[in-house]
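Below: one structure, written as C-alpha cells.
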Amino acid sequence: MSKILIVEDDEMIRDVLTRHLEIAGYQVITAVDGIEGVHRARVNRPDLIVMDMGLPKLNGWQATTRIRLMPATRTIPIIALTAFALKEDRIKCFETGCDEYETKPVDFEHLLGKIRTLLSSRGLTPCSA
C-alpha cells in the first residue's frame, strides 16, 4: 500500500483528501503546517507528498525546498496544491522542486490521476479504486 503525506492547514480540505485517498486504497499521513510536513516526510518517508503552498509556520515552497535538500527525501514526488493559480505561481512550484501542480478547489479525479502517474513512474503499483 502506497503511503501519501498530505500537508494542508485547512482541516476540511485535509479531511476530504484523506477520506478520498483512503477509499482509493492509500495509507495517509497528515501534517497541518510546513514544519510538521518536513518532519513527517523525514520520519515517515512517504511515497508521495501533496503539499499546500499557503501553509503557516513554513510555507509550501520553503517546506518543499527543505525536503529536496535532505538525501532521504529528495526524490519523493511532490504535488503542489494551491489556490495560487497564476502562471507565475505554477512556475515557482516547479522551480522549487514540485513534480506536479493542482489548483483548489480540488478536482479529486484529476489529482488521483496525477498521483497514480507519479507513483507508477517510481515503480510503485498505484491503487486502482
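To be explicit about the labels: the chains of the C-alpha cells are called A, B, and onward in the order shown, and within each one the residues are counted from 1, while ligands get numbers from 1 in the order they are shown.
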Compile the contact shell of stretch 45-58 of chain A as a count of residues only: residues with an atom at most 8 Å away, counting only C-alpha atoms, same-chain residues fewer than 4 positions apart removed. 29
Out of chain A, which residues get alpha helix (DSSP H) from DSSP, as a ChimeraX atom specification? /A:11-23,34-44,60-69,87-96,108-121
With distances taken over only C-alpha atoms, which of A:Trp61, A:Phe108, A:Phe94, A:Phe84 is nearest to A:Ile13?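 For A:Ile13, the nearest of the given residues is A:Phe108.
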Return as JSON lines the residues of stretch 25-93 of chain A lying at most 9 Å from stretch 15-21 of chain A, together with the closest atom-to-atom pair for each and the distance in Å to one decimal, counting only C-alpha atoms, with rows in chain order and ascending residue number.
```
{"residue": "A:Gly25", "atom": "CA", "partner": "A:Leu21", "partner_atom": "CA", "distance": 6.4}
{"residue": "A:Tyr26", "atom": "CA", "partner": "A:Leu21", "partner_atom": "CA", "distance": 5.5}
{"residue": "A:Gln27", "atom": "CA", "partner": "A:Leu21", "partner_atom": "CA", "distance": 7.6}
{"residue": "A:Val28", "atom": "CA", "partner": "A:Thr18", "partner_atom": "CA", "distance": 6.2}
{"residue": "A:Ile29", "atom": "CA", "partner": "A:Thr18", "partner_atom": "CA", "distance": 8.2}
{"residue": "A:Thr30", "atom": "CA", "partner": "A:Thr18", "partner_atom": "CA", "distance": 8.0}
```
Export, as a short mmCIF file (atom, residue, chain, number, x, y, z; two decimals), in the first residue's frame, the selected residues with C-alpha atoms.
```cif
data_model
loop_
_atom_site.label_atom_id
_atom_site.label_comp_id
_atom_site.auth_asym_id
_atom_site.auth_seq_id
_atom_site.Cartn_x
_atom_site.Cartn_y
_atom_site.Cartn_z
CA GLY A 25 -6.58 2.34 -1.11
CA TYR A 26 -3.74 4.59 0.06
CA GLN A 27 -2.28 4.92 3.54
CA VAL A 28 -2.48 8.59 4.52
CA ILE A 29 -0.33 10.63 6.89
CA THR A 30 -1.20 14.29 7.54
#
```
Work out how far atom CA of A:Asp89 is from atom CA of A:Thr103, in Å to one decimal. 10.4 Å
Residues flagged strand (DSSP E) by DSSP in chain A, as a list in words: Lys3, Ile4, Leu5, Ile6, Val7, Gln27, Val28, Ile29, Thr30, Ala31, Leu48, Ile49, Val50, Met51, Asp52, Ile78, Ile79, Ala80, Leu81, Thr82, Glu100, Tyr101, Glu102 and Thr103 of chain A
Given only C-alpha atoms as the counted atoms, nearest of A:Arg122, A:His110, A:Arg42, A:Arg74 to A:Thr96: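 Under the stated criterion, the closest residue is A:Arg74.
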Atom-to-atom span, atom CA of A:Glu22 and atom CA of A:Leu112, Å: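 So the answer is 11.6 Å.
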